[in-house]
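Enquirer: File model12.cif follows (mmCIF, N, CA and C atoms):
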data_structure
loop_
_atom_site.label_atom_id
_atom_site.label_comp_id
_atom_site.auth_asym_id
_atom_site.auth_seq_id
_atom_site.Cartn_x
_atom_site.Cartn_y
_atom_site.Cartn_z
N MET A 1 24.55 43.31 181.47
CA MET A 1 25.70 42.60 181.98
C MET A 1 26.76 43.59 182.43
N GLY A 2 28.01 43.17 182.46
CA GLY A 2 29.08 44.04 182.87
C GLY A 2 29.44 45.03 181.80
N SER A 3 30.26 45.99 182.16
CA SER A 3 30.68 46.98 181.18
C SER A 3 31.81 46.40 180.35
N ASN A 4 31.96 46.92 179.19
CA ASN A 4 33.05 46.52 178.31
C ASN A 4 34.09 47.60 178.37
N GLU A 5 35.36 47.22 178.24
CA GLU A 5 36.41 48.23 178.19
C GLU A 5 37.52 47.72 177.31
N VAL A 6 37.88 48.53 176.33
CA VAL A 6 38.94 48.19 175.40
C VAL A 6 39.71 49.46 175.12
N GLY A 7 41.01 49.33 174.91
CA GLY A 7 41.79 50.48 174.49
C GLY A 7 42.90 50.80 175.46
N ALA A 8 43.84 51.57 174.98
CA ALA A 8 44.96 51.98 175.80
C ALA A 8 44.50 53.00 176.83
N PRO A 9 44.91 52.85 178.08
CA PRO A 9 44.44 53.77 179.12
C PRO A 9 44.90 55.20 178.89
N VAL A 10 45.88 55.44 178.03
CA VAL A 10 46.36 56.80 177.81
C VAL A 10 45.62 57.50 176.68
N GLY A 11 44.81 56.79 175.89
CA GLY A 11 44.07 57.40 174.79
C GLY A 11 42.89 58.20 175.31
N PRO A 12 42.25 58.93 174.40
CA PRO A 12 41.05 59.68 174.79
C PRO A 12 40.00 58.72 175.36
N ARG A 13 39.37 59.16 176.44
CA ARG A 13 38.36 58.33 177.11
C ARG A 13 37.00 58.55 176.46
N VAL A 14 36.39 57.45 176.02
CA VAL A 14 35.08 57.52 175.37
C VAL A 14 34.13 56.60 176.10
N LEU A 15 32.97 57.13 176.46
CA LEU A 15 31.92 56.34 177.10
C LEU A 15 30.88 55.99 176.06
N VAL A 16 30.54 54.70 175.96
CA VAL A 16 29.53 54.21 175.03
C VAL A 16 28.33 53.74 175.84
N VAL A 17 27.19 54.43 175.69
CA VAL A 17 25.99 54.11 176.45
C VAL A 17 25.00 53.44 175.51
N ALA A 18 24.80 52.13 175.71
CA ALA A 18 23.89 51.37 174.86
C ALA A 18 23.39 50.16 175.64
N GLU A 19 22.08 49.99 175.68
CA GLU A 19 21.51 48.83 176.37
C GLU A 19 21.79 47.54 175.62
N ASP A 20 21.87 47.61 174.30
CA ASP A 20 22.14 46.44 173.47
C ASP A 20 23.61 46.04 173.65
N GLU A 21 23.83 44.90 174.30
CA GLU A 21 25.19 44.48 174.64
C GLU A 21 26.06 44.25 173.41
N ALA A 22 25.48 43.68 172.35
CA ALA A 22 26.26 43.43 171.13
C ALA A 22 26.69 44.75 170.49
N LEU A 23 25.78 45.70 170.40
CA LEU A 23 26.10 47.01 169.83
C LEU A 23 27.15 47.70 170.67
N ARG A 24 26.96 47.70 171.97
CA ARG A 24 27.90 48.34 172.89
C ARG A 24 29.28 47.73 172.74
N GLY A 25 29.36 46.42 172.71
CA GLY A 25 30.65 45.74 172.58
C GLY A 25 31.34 46.05 171.26
N LEU A 26 30.57 46.09 170.19
CA LEU A 26 31.12 46.39 168.87
C LEU A 26 31.71 47.79 168.83
N VAL A 27 30.97 48.76 169.35
CA VAL A 27 31.43 50.15 169.33
C VAL A 27 32.65 50.31 170.23
N VAL A 28 32.63 49.72 171.41
CA VAL A 28 33.77 49.80 172.32
C VAL A 28 35.01 49.20 171.66
N GLN A 29 34.84 48.06 171.02
CA GLN A 29 35.97 47.40 170.37
C GLN A 29 36.52 48.25 169.21
N ALA A 30 35.63 48.78 168.38
CA ALA A 30 36.07 49.60 167.24
C ALA A 30 36.83 50.84 167.71
N LEU A 31 36.33 51.50 168.72
CA LEU A 31 37.00 52.70 169.24
C LEU A 31 38.33 52.33 169.91
N GLY A 32 38.34 51.20 170.60
CA GLY A 32 39.58 50.72 171.23
C GLY A 32 40.67 50.44 170.21
N LEU A 33 40.28 49.88 169.08
CA LEU A 33 41.24 49.60 168.01
C LEU A 33 41.84 50.89 167.44
N GLU A 34 41.14 51.99 167.64
CA GLU A 34 41.61 53.29 167.16
C GLU A 34 42.43 54.03 168.22
N GLY A 35 42.76 53.36 169.31
CA GLY A 35 43.60 53.97 170.33
C GLY A 35 42.86 54.74 171.39
N MET A 36 41.54 54.59 171.41
CA MET A 36 40.75 55.28 172.43
C MET A 36 40.50 54.33 173.61
N ALA A 37 40.45 54.87 174.79
CA ALA A 37 40.11 54.10 175.98
C ALA A 37 38.59 54.10 176.09
N ALA A 38 37.97 53.14 175.41
CA ALA A 38 36.51 53.09 175.33
C ALA A 38 35.95 52.26 176.47
N ARG A 39 34.87 52.75 177.04
CA ARG A 39 34.22 52.09 178.18
C ARG A 39 32.74 51.99 177.88
N GLY A 40 32.14 50.85 178.12
CA GLY A 40 30.73 50.66 177.85
C GLY A 40 29.88 50.72 179.11
N ALA A 41 28.67 51.24 178.96
CA ALA A 41 27.68 51.27 180.04
C ALA A 41 26.37 50.76 179.46
N GLY A 42 25.71 49.88 180.21
CA GLY A 42 24.49 49.24 179.74
C GLY A 42 23.24 50.09 179.86
N GLY A 43 23.34 51.26 180.41
CA GLY A 43 22.18 52.13 180.54
C GLY A 43 22.54 53.41 181.25
N PRO A 44 21.57 54.30 181.39
CA PRO A 44 21.84 55.62 181.97
C PRO A 44 22.33 55.59 183.41
N VAL A 45 21.80 54.71 184.22
CA VAL A 45 22.21 54.68 185.63
C VAL A 45 23.68 54.33 185.74
N GLN A 46 24.10 53.28 185.03
CA GLN A 46 25.50 52.89 185.05
C GLN A 46 26.39 53.98 184.44
N ALA A 47 25.92 54.58 183.35
CA ALA A 47 26.70 55.63 182.69
C ALA A 47 26.91 56.83 183.60
N LEU A 48 25.86 57.27 184.27
CA LEU A 48 25.99 58.42 185.18
C LEU A 48 26.92 58.10 186.34
N ALA A 49 26.86 56.87 186.84
CA ALA A 49 27.77 56.46 187.92
C ALA A 49 29.22 56.51 187.43
N LEU A 50 29.46 56.06 186.21
CA LEU A 50 30.81 56.12 185.66
C LEU A 50 31.27 57.57 185.48
N CYS A 51 30.37 58.43 185.07
CA CYS A 51 30.71 59.84 184.89
C CYS A 51 31.04 60.51 186.22
N ARG A 52 30.34 60.12 187.26
CA ARG A 52 30.58 60.71 188.58
C ARG A 52 31.84 60.15 189.23
N GLY A 53 32.17 58.89 188.92
CA GLY A 53 33.21 58.19 189.67
C GLY A 53 34.53 58.03 188.96
N SER A 54 34.78 58.77 187.89
CA SER A 54 36.04 58.60 187.17
C SER A 54 36.49 59.91 186.57
N ALA A 55 37.66 59.85 185.95
CA ALA A 55 38.15 61.02 185.22
C ALA A 55 37.17 61.36 184.11
N PRO A 56 37.12 62.60 183.68
CA PRO A 56 36.16 62.98 182.65
C PRO A 56 36.39 62.22 181.34
N PHE A 57 35.30 62.00 180.63
CA PHE A 57 35.37 61.38 179.31
C PHE A 57 35.58 62.47 178.27
N SER A 58 36.20 62.09 177.16
CA SER A 58 36.43 63.02 176.05
C SER A 58 35.22 63.13 175.15
N VAL A 59 34.48 62.03 175.00
CA VAL A 59 33.27 61.96 174.19
C VAL A 59 32.34 60.93 174.82
N VAL A 60 31.03 61.17 174.72
CA VAL A 60 30.03 60.18 175.14
C VAL A 60 29.21 59.82 173.90
N VAL A 61 29.19 58.53 173.57
CA VAL A 61 28.39 58.01 172.47
C VAL A 61 27.12 57.42 173.08
N LEU A 62 25.97 57.89 172.63
CA LEU A 62 24.68 57.50 173.21
C LEU A 62 23.80 56.87 172.16
N ASP A 63 23.40 55.62 172.39
CA ASP A 63 22.44 54.95 171.51
C ASP A 63 21.08 55.54 171.80
N TRP A 64 20.55 56.26 170.82
CA TRP A 64 19.30 57.02 171.01
C TRP A 64 18.17 56.33 170.28
N ARG A 65 17.17 55.89 171.04
CA ARG A 65 15.97 55.30 170.44
C ARG A 65 14.80 56.18 170.80
N PRO A 66 14.09 56.69 169.77
CA PRO A 66 13.02 57.65 170.04
C PRO A 66 11.89 57.09 170.90
N ASP A 67 11.70 55.78 170.91
CA ASP A 67 10.63 55.18 171.70
C ASP A 67 11.06 54.89 173.14
N ASP A 68 12.29 55.22 173.48
CA ASP A 68 12.83 54.91 174.81
C ASP A 68 13.16 56.21 175.54
N PRO A 69 12.48 56.50 176.65
CA PRO A 69 12.71 57.78 177.35
C PRO A 69 14.04 57.86 178.08
N THR A 70 14.82 56.76 178.14
CA THR A 70 16.07 56.83 178.89
C THR A 70 17.13 57.68 178.20
N GLY A 71 17.08 57.79 176.86
CA GLY A 71 18.06 58.63 176.15
C GLY A 71 17.94 60.09 176.53
N PRO A 72 16.74 60.67 176.37
CA PRO A 72 16.57 62.07 176.77
C PRO A 72 16.85 62.29 178.26
N ALA A 73 16.45 61.34 179.08
CA ALA A 73 16.69 61.48 180.52
C ALA A 73 18.19 61.47 180.81
N PHE A 74 18.92 60.56 180.17
CA PHE A 74 20.37 60.53 180.37
C PHE A 74 21.00 61.85 179.93
N ALA A 75 20.63 62.34 178.74
CA ALA A 75 21.22 63.58 178.23
C ALA A 75 21.00 64.73 179.22
N ALA A 76 19.79 64.84 179.74
CA ALA A 76 19.49 65.91 180.70
C ALA A 76 20.25 65.71 182.01
N ASP A 77 20.26 64.50 182.52
CA ASP A 77 20.97 64.22 183.78
C ASP A 77 22.47 64.42 183.62
N TYR A 78 23.01 64.04 182.47
CA TYR A 78 24.44 64.22 182.22
C TYR A 78 24.79 65.70 182.21
N ARG A 79 23.99 66.49 181.54
CA ARG A 79 24.24 67.95 181.47
C ARG A 79 24.09 68.60 182.85
N ALA A 80 23.34 67.96 183.75
CA ALA A 80 23.16 68.50 185.10
C ALA A 80 24.35 68.20 186.02
N LEU A 81 25.22 67.26 185.61
CA LEU A 81 26.41 66.97 186.41
C LEU A 81 27.35 68.16 186.37
N PRO A 82 28.21 68.28 187.37
CA PRO A 82 29.20 69.36 187.32
C PRO A 82 30.10 69.22 186.08
N PRO A 83 30.51 70.33 185.48
CA PRO A 83 31.40 70.25 184.32
C PRO A 83 32.76 69.65 184.70
N PRO A 84 33.54 69.23 183.74
CA PRO A 84 33.35 69.41 182.30
C PRO A 84 32.40 68.36 181.72
N HIS A 85 31.75 68.73 180.61
CA HIS A 85 30.88 67.81 179.90
C HIS A 85 31.50 67.46 178.56
N ALA A 86 31.57 66.17 178.29
CA ALA A 86 32.09 65.71 177.00
C ALA A 86 31.02 65.93 175.94
N PRO A 87 31.44 66.12 174.70
CA PRO A 87 30.46 66.20 173.63
C PRO A 87 29.70 64.88 173.49
N LEU A 88 28.42 64.99 173.16
CA LEU A 88 27.59 63.81 172.91
C LEU A 88 27.58 63.50 171.43
N VAL A 89 27.66 62.21 171.10
CA VAL A 89 27.47 61.71 169.74
C VAL A 89 26.32 60.72 169.81
N LEU A 90 25.28 60.95 169.03
CA LEU A 90 24.10 60.10 169.06
C LEU A 90 24.15 59.04 167.96
N LEU A 91 23.74 57.83 168.31
CA LEU A 91 23.46 56.78 167.33
C LEU A 91 21.95 56.76 167.23
N THR A 92 21.38 57.13 166.07
CA THR A 92 19.94 57.33 166.00
C THR A 92 19.39 56.98 164.63
N ALA A 93 18.07 56.94 164.56
CA ALA A 93 17.38 56.67 163.30
C ALA A 93 17.51 57.87 162.38
N PRO A 94 17.54 57.64 161.05
CA PRO A 94 17.74 58.74 160.10
C PRO A 94 16.74 59.89 160.25
N GLY A 95 15.48 59.61 160.46
CA GLY A 95 14.48 60.66 160.55
C GLY A 95 14.58 61.51 161.79
N ASP A 96 15.25 61.02 162.82
CA ASP A 96 15.34 61.73 164.10
C ASP A 96 16.66 62.46 164.31
N ALA A 97 17.63 62.23 163.46
CA ALA A 97 19.00 62.64 163.73
C ALA A 97 19.15 64.14 163.98
N VAL A 98 18.72 64.96 163.06
CA VAL A 98 18.93 66.41 163.19
C VAL A 98 18.15 66.96 164.38
N ASP A 99 16.87 66.58 164.49
CA ASP A 99 16.04 67.06 165.59
C ASP A 99 16.61 66.65 166.94
N MET A 100 16.98 65.39 167.09
CA MET A 100 17.51 64.92 168.37
C MET A 100 18.86 65.56 168.70
N THR A 101 19.67 65.77 167.68
CA THR A 101 20.97 66.41 167.90
C THR A 101 20.77 67.83 168.41
N GLU A 102 19.86 68.56 167.80
CA GLU A 102 19.59 69.93 168.24
C GLU A 102 18.97 69.96 169.63
N ARG A 103 18.03 69.06 169.90
CA ARG A 103 17.35 69.05 171.21
C ARG A 103 18.27 68.69 172.35
N THR A 104 19.26 67.85 172.10
CA THR A 104 20.16 67.43 173.18
C THR A 104 21.43 68.25 173.26
N GLY A 105 21.67 69.06 172.23
CA GLY A 105 22.93 69.79 172.18
C GLY A 105 24.09 68.89 171.81
N ALA A 106 23.79 67.75 171.20
CA ALA A 106 24.85 66.81 170.80
C ALA A 106 25.74 67.46 169.75
N ARG A 107 26.98 67.07 169.73
CA ARG A 107 27.93 67.62 168.77
C ARG A 107 27.89 66.88 167.45
N GLY A 108 27.42 65.62 167.47
CA GLY A 108 27.38 64.85 166.23
C GLY A 108 26.40 63.71 166.33
N PHE A 109 26.19 63.07 165.19
CA PHE A 109 25.32 61.90 165.15
C PHE A 109 25.75 60.98 164.03
N VAL A 110 25.37 59.72 164.18
CA VAL A 110 25.55 58.71 163.14
C VAL A 110 24.22 57.99 163.06
N THR A 111 23.69 57.86 161.83
CA THR A 111 22.39 57.22 161.68
C THR A 111 22.54 55.71 161.54
N LYS A 112 21.56 55.01 162.10
CA LYS A 112 21.52 53.55 162.03
C LYS A 112 20.77 53.12 160.77
N PRO A 113 21.18 52.04 160.16
CA PRO A 113 22.41 51.29 160.45
C PRO A 113 23.62 52.12 160.06
N PHE A 114 24.70 51.97 160.79
CA PHE A 114 25.85 52.82 160.55
C PHE A 114 27.07 52.01 160.16
N ASP A 115 27.99 52.71 159.52
CA ASP A 115 29.27 52.16 159.13
C ASP A 115 30.25 52.49 160.25
N LEU A 116 31.05 51.51 160.68
CA LEU A 116 31.98 51.75 161.78
C LEU A 116 32.97 52.88 161.46
N GLN A 117 33.39 52.99 160.22
CA GLN A 117 34.30 54.06 159.84
C GLN A 117 33.64 55.42 160.08
N ASP A 118 32.36 55.56 159.72
CA ASP A 118 31.65 56.81 159.96
C ASP A 118 31.58 57.14 161.44
N LEU A 119 31.32 56.13 162.25
CA LEU A 119 31.24 56.34 163.69
C LEU A 119 32.60 56.79 164.23
N VAL A 120 33.65 56.07 163.87
CA VAL A 120 35.00 56.42 164.35
C VAL A 120 35.35 57.85 163.95
N GLU A 121 35.09 58.20 162.69
CA GLU A 121 35.42 59.55 162.22
C GLU A 121 34.60 60.62 162.94
N THR A 122 33.34 60.33 163.22
CA THR A 122 32.50 61.29 163.95
C THR A 122 33.03 61.49 165.36
N VAL A 123 33.38 60.40 166.03
CA VAL A 123 33.93 60.51 167.39
C VAL A 123 35.25 61.27 167.35
N GLN A 124 36.11 60.97 166.39
CA GLN A 124 37.40 61.66 166.30
C GLN A 124 37.22 63.16 166.08
N ARG A 125 36.23 63.56 165.27
CA ARG A 125 35.96 64.99 165.05
C ARG A 125 35.51 65.68 166.33
N CYS A 126 34.89 64.94 167.22
CA CYS A 126 34.36 65.52 168.46
C CYS A 126 35.37 65.54 169.60
N LEU A 127 36.51 64.89 169.41
CA LEU A 127 37.53 64.87 170.46
C LEU A 127 38.11 66.26 170.66
N PRO A 128 38.44 66.59 171.90
CA PRO A 128 39.09 67.88 172.15
C PRO A 128 40.40 67.98 171.37
N ALA A 129 40.78 69.17 171.00
CA ALA A 129 42.00 69.40 170.24
C ALA A 129 43.19 68.76 170.94
N GLY A 130 44.04 68.12 170.14
CA GLY A 130 45.26 67.52 170.67
C GLY A 130 45.09 66.15 171.29
N THR A 131 43.87 65.59 171.26
CA THR A 131 43.68 64.27 171.88
C THR A 131 43.40 63.17 170.87
N ALA A 132 43.36 63.51 169.58
CA ALA A 132 43.04 62.50 168.57
C ALA A 132 44.12 61.42 168.56
N PRO A 133 43.71 60.15 168.53
CA PRO A 133 44.67 59.05 168.51
C PRO A 133 45.32 58.93 167.13
N ARG A 134 46.19 57.96 167.02
CA ARG A 134 46.91 57.71 165.76
C ARG A 134 45.97 57.53 164.57
N GLN A 135 46.53 57.40 163.39
CA GLN A 135 45.73 57.26 162.18
C GLN A 135 44.78 56.07 162.27
N SER A 136 43.63 56.24 161.66
CA SER A 136 42.57 55.24 161.70
C SER A 136 42.95 53.96 160.99
N HIS A 137 42.49 52.83 161.54
CA HIS A 137 42.60 51.51 160.89
C HIS A 137 41.71 51.42 159.67
N TRP A 138 40.76 52.32 159.55
CA TRP A 138 39.74 52.22 158.51
C TRP A 138 40.22 52.79 157.18
N HIS A 139 41.36 53.48 157.18
CA HIS A 139 41.88 54.06 155.93
C HIS A 139 43.04 53.24 155.43
N ASN A 140 43.17 53.17 154.12
CA ASN A 140 44.30 52.43 153.52
C ASN A 140 45.50 53.35 153.38
#
Please lay out the structure from this file as structure tokens.
Expert:
Amino acid sequence: MGSNEVGAPVGPRVLVVAEDEALRGLVVQALGLEGMAARGAGGPVQALALCRGSAPFSVVVLDWRPDDPTGPAFAADYRALPPPHAPLVLLTAPGDAVDMTERTGARGFVTKPFDLQDLVETVQRCLPAGTAPRQSHWHN
């Protein structure tokens, strides 16, 4: 379907690449609530078009499924785009996390099923210095 977008336009820009619309919407909404300008893409083709046609993203969150070749293809195609390249954060299965992170050069990962607080904190750690949004909603 269409892309999802939530968040203040002045916050760090985060691209969420996930074919699963419910997952994509949930992640976009959670990041938006944290002051990030989160944008969703339903697959690699849409994500690459967004990367080519807009201001650079601060972080790219990629739903990585080992049985789906689009994740590795997106990672390679994204790295082939002219710089700057945002750090990648993978959403992946526990057994694949370290291997996939090393193979793609991703800066971080969150294993599925994941806690939204863990995801938000991982994305925040990967943001460029000085771009972290206000304090998290996930902390008391």
Enquirer: To test your reading of the structure, identify every residue in segment 23-95 of chain A that backbone DSSP assigns to helix (DSSP H, G or I), and report it as a PyMOL selection string.
Expert: chain A and resi 23-33+44-52+70-80+94-95
Enquirer: Taking only residues of segment 62-127 of chain A that have an atom at most 8 Å from an atom of segment 31-43 of chain A, what is each one's shortest atom pair and its distance in Å to one decimal, using all atoms listed in the file, in chain and number order, as CSV?
Expert:
residue,atom,partner,partner_atom,distance
A:Thr70,C,A:Gly43,C,7.5
A:Phe74,CA,A:Gly43,C,7.5
A:Leu119,C,A:Leu31,CA,7.8
A:Val120,CA,A:Leu31,CA,6.5
Enquirer: If you measure from atom N of Thr122 of chain A to atom CA of Gly105 of chain A, what distance in Å do you get, rounded to one decimal?
Expert: 16.7 Å
Enquirer: How would you write, as a PyMOL selection string, the set of residues in chain A that DSSP gives as strand (DSSP E or B)?
Expert: chain A and resi 5-6+13-17+37-41+59-63+88-92+108-111
Enquirer: Write a file of the just-selected residues containing N, CA and C atoms, as a compact mmCIF listing (two decimals), in the coordinates of the input.
Expert:
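Result went into out_37.txt, see below:
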# COMPACT_ATOMS: atom_id res chain seq x y z
N GLU A 5 35.36 47.22 178.24
CA GLU A 5 36.41 48.23 178.19
C GLU A 5 37.52 47.72 177.31
N VAL A 6 37.88 48.53 176.33
CA VAL A 6 38.94 48.19 175.40
C VAL A 6 39.71 49.46 175.12
N ARG A 13 39.37 59.16 176.44
CA ARG A 13 38.36 58.33 177.11
C ARG A 13 37.00 58.55 176.46
N VAL A 14 36.39 57.45 176.02
CA VAL A 14 35.08 57.52 175.37
C VAL A 14 34.13 56.60 176.10
N LEU A 15 32.97 57.13 176.46
CA LEU A 15 31.92 56.34 177.10
C LEU A 15 30.88 55.99 176.06
N VAL A 16 30.54 54.70 175.96
CA VAL A 16 29.53 54.21 175.03
C VAL A 16 28.33 53.74 175.84
N VAL A 17 27.19 54.43 175.69
CA VAL A 17 25.99 54.11 176.45
C VAL A 17 25.00 53.44 175.51
N ALA A 37 40.45 54.87 174.79
CA ALA A 37 40.11 54.10 175.98
C ALA A 37 38.59 54.10 176.09
N ALA A 38 37.97 53.14 175.41
CA ALA A 38 36.51 53.09 175.33
C ALA A 38 35.95 52.26 176.47
N ARG A 39 34.87 52.75 177.04
CA ARG A 39 34.22 52.09 178.18
C ARG A 39 32.74 51.99 177.88
N GLY A 40 32.14 50.85 178.12
CA GLY A 40 30.73 50.66 177.85
C GLY A 40 29.88 50.72 179.11
N ALA A 41 28.67 51.24 178.96
CA ALA A 41 27.68 51.27 180.04
C ALA A 41 26.37 50.76 179.46
N VAL A 59 34.48 62.03 175.00
CA VAL A 59 33.27 61.96 174.19
C VAL A 59 32.34 60.93 174.82
N VAL A 60 31.03 61.17 174.72
CA VAL A 60 30.03 60.18 175.14
C VAL A 60 29.21 59.82 173.90
N VAL A 61 29.19 58.53 173.57
CA VAL A 61 28.39 58.01 172.47
C VAL A 61 27.12 57.42 173.08
N LEU A 62 25.97 57.89 172.63
CA LEU A 62 24.68 57.50 173.21
C LEU A 62 23.80 56.87 172.16
N ASP A 63 23.40 55.62 172.39
CA ASP A 63 22.44 54.95 171.51
C ASP A 63 21.08 55.54 171.80
N LEU A 88 28.42 64.99 173.16
CA LEU A 88 27.59 63.81 172.91
C LEU A 88 27.58 63.50 171.43
N VAL A 89 27.66 62.21 171.10
CA VAL A 89 27.47 61.71 169.74
C VAL A 89 26.32 60.72 169.81
N LEU A 90 25.28 60.95 169.03
CA LEU A 90 24.10 60.10 169.06
C LEU A 90 24.15 59.04 167.96
N LEU A 91 23.74 57.83 168.31
CA LEU A 91 23.46 56.78 167.33
C LEU A 91 21.95 56.76 167.23
N THR A 92 21.38 57.13 166.07
CA THR A 92 19.94 57.33 166.00
C THR A 92 19.39 56.98 164.63
N GLY A 108 27.42 65.62 167.47
CA GLY A 108 27.38 64.85 166.23
C GLY A 108 26.40 63.71 166.33
N PHE A 109 26.19 63.07 165.19
CA PHE A 109 25.32 61.90 165.15
C PHE A 109 25.75 60.98 164.03
N VAL A 110 25.37 59.72 164.18
CA VAL A 110 25.55 58.71 163.14
C VAL A 110 24.22 57.99 163.06
N THR A 111 23.69 57.86 161.83
CA THR A 111 22.39 57.22 161.68
C THR A 111 22.54 55.71 161.54
Enquirer: Between atom CA of Ala80 of chain A and atom C of Arg13 of chain A, measure the distance and give it in Å to one decimal.
Expert: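 A separation of 19.1 Å between them.
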Enquirer: Using the file's own x, y and z axes, so that the box edges lie along x, y and z, what centre and edge lengths in Å (one decimal) does a box around every listed atom of segment 106-118 of chain A get when 5 Å is added on each side? Give it as JSON.
Expert:
{"center_x": 27.5, "center_y": 59.5, "center_z": 165.2, "size_x": 23.5, "size_y": 26.5, "size_z": 22.1}
Enquirer: Report, in Å with one decimal, the straight-line distance from atom N of Leu81 of chain A to atom CA of Pro56 of chain A.
Expert: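 These atoms are spaced 12.1 Å apart.
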Enquirer: Can you translate the PyMOL selection byres (((chain A and resi 24 and name CA) around 12) and name CA) into the concrete residues it hits in this file, as a PyMOL selection string?
Expert: chain A and resi 1-6+14-23+25-31+38-43+61-63+91
Enquirer: Could you please give me, as a VMD selection string, the residues of protein, DNA or RNA lying at most 12 Å from (25.1, 54.4, 157.8) in the coordinate frame of the file, considering only C-alpha atoms?
Expert: chain A and resid 91 to 94 97 109 to 119 122
Enquirer: Find the residue from A:Leu90, A:Leu48, A:Asp99, A:Pro66 that sits nearest to Tyr78 of chain A; use only N, CA and C atoms when measuring.
Expert: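 Answer, going by the shortest atom-to-atom distance: A:Leu48.
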Enquirer: Choose the residue, out of A:Asp96, A:Pro87, A:Glu121, A:Thr101, that has the smallest atom-to-atom separation from Val59 of chain A; count all atoms listed in the file.
Expert: A:Pro87
Enquirer: Can you work out which one of A:His85, A:Leu50, A:Val123, A:Ser58 has the shortest atom-to-atom distance to Gly11 of chain A, counting all atoms listed in the file?
Expert: A:Ser58
Enquirer: Which of these residues is nearest to Ala75 of chain A, using only C-alpha atoms: A:Val98, A:Arg52, A:Ala129, A:Arg103?
Expert: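 For Ala75 of chain A, the nearest of the given residues is A:Arg103.
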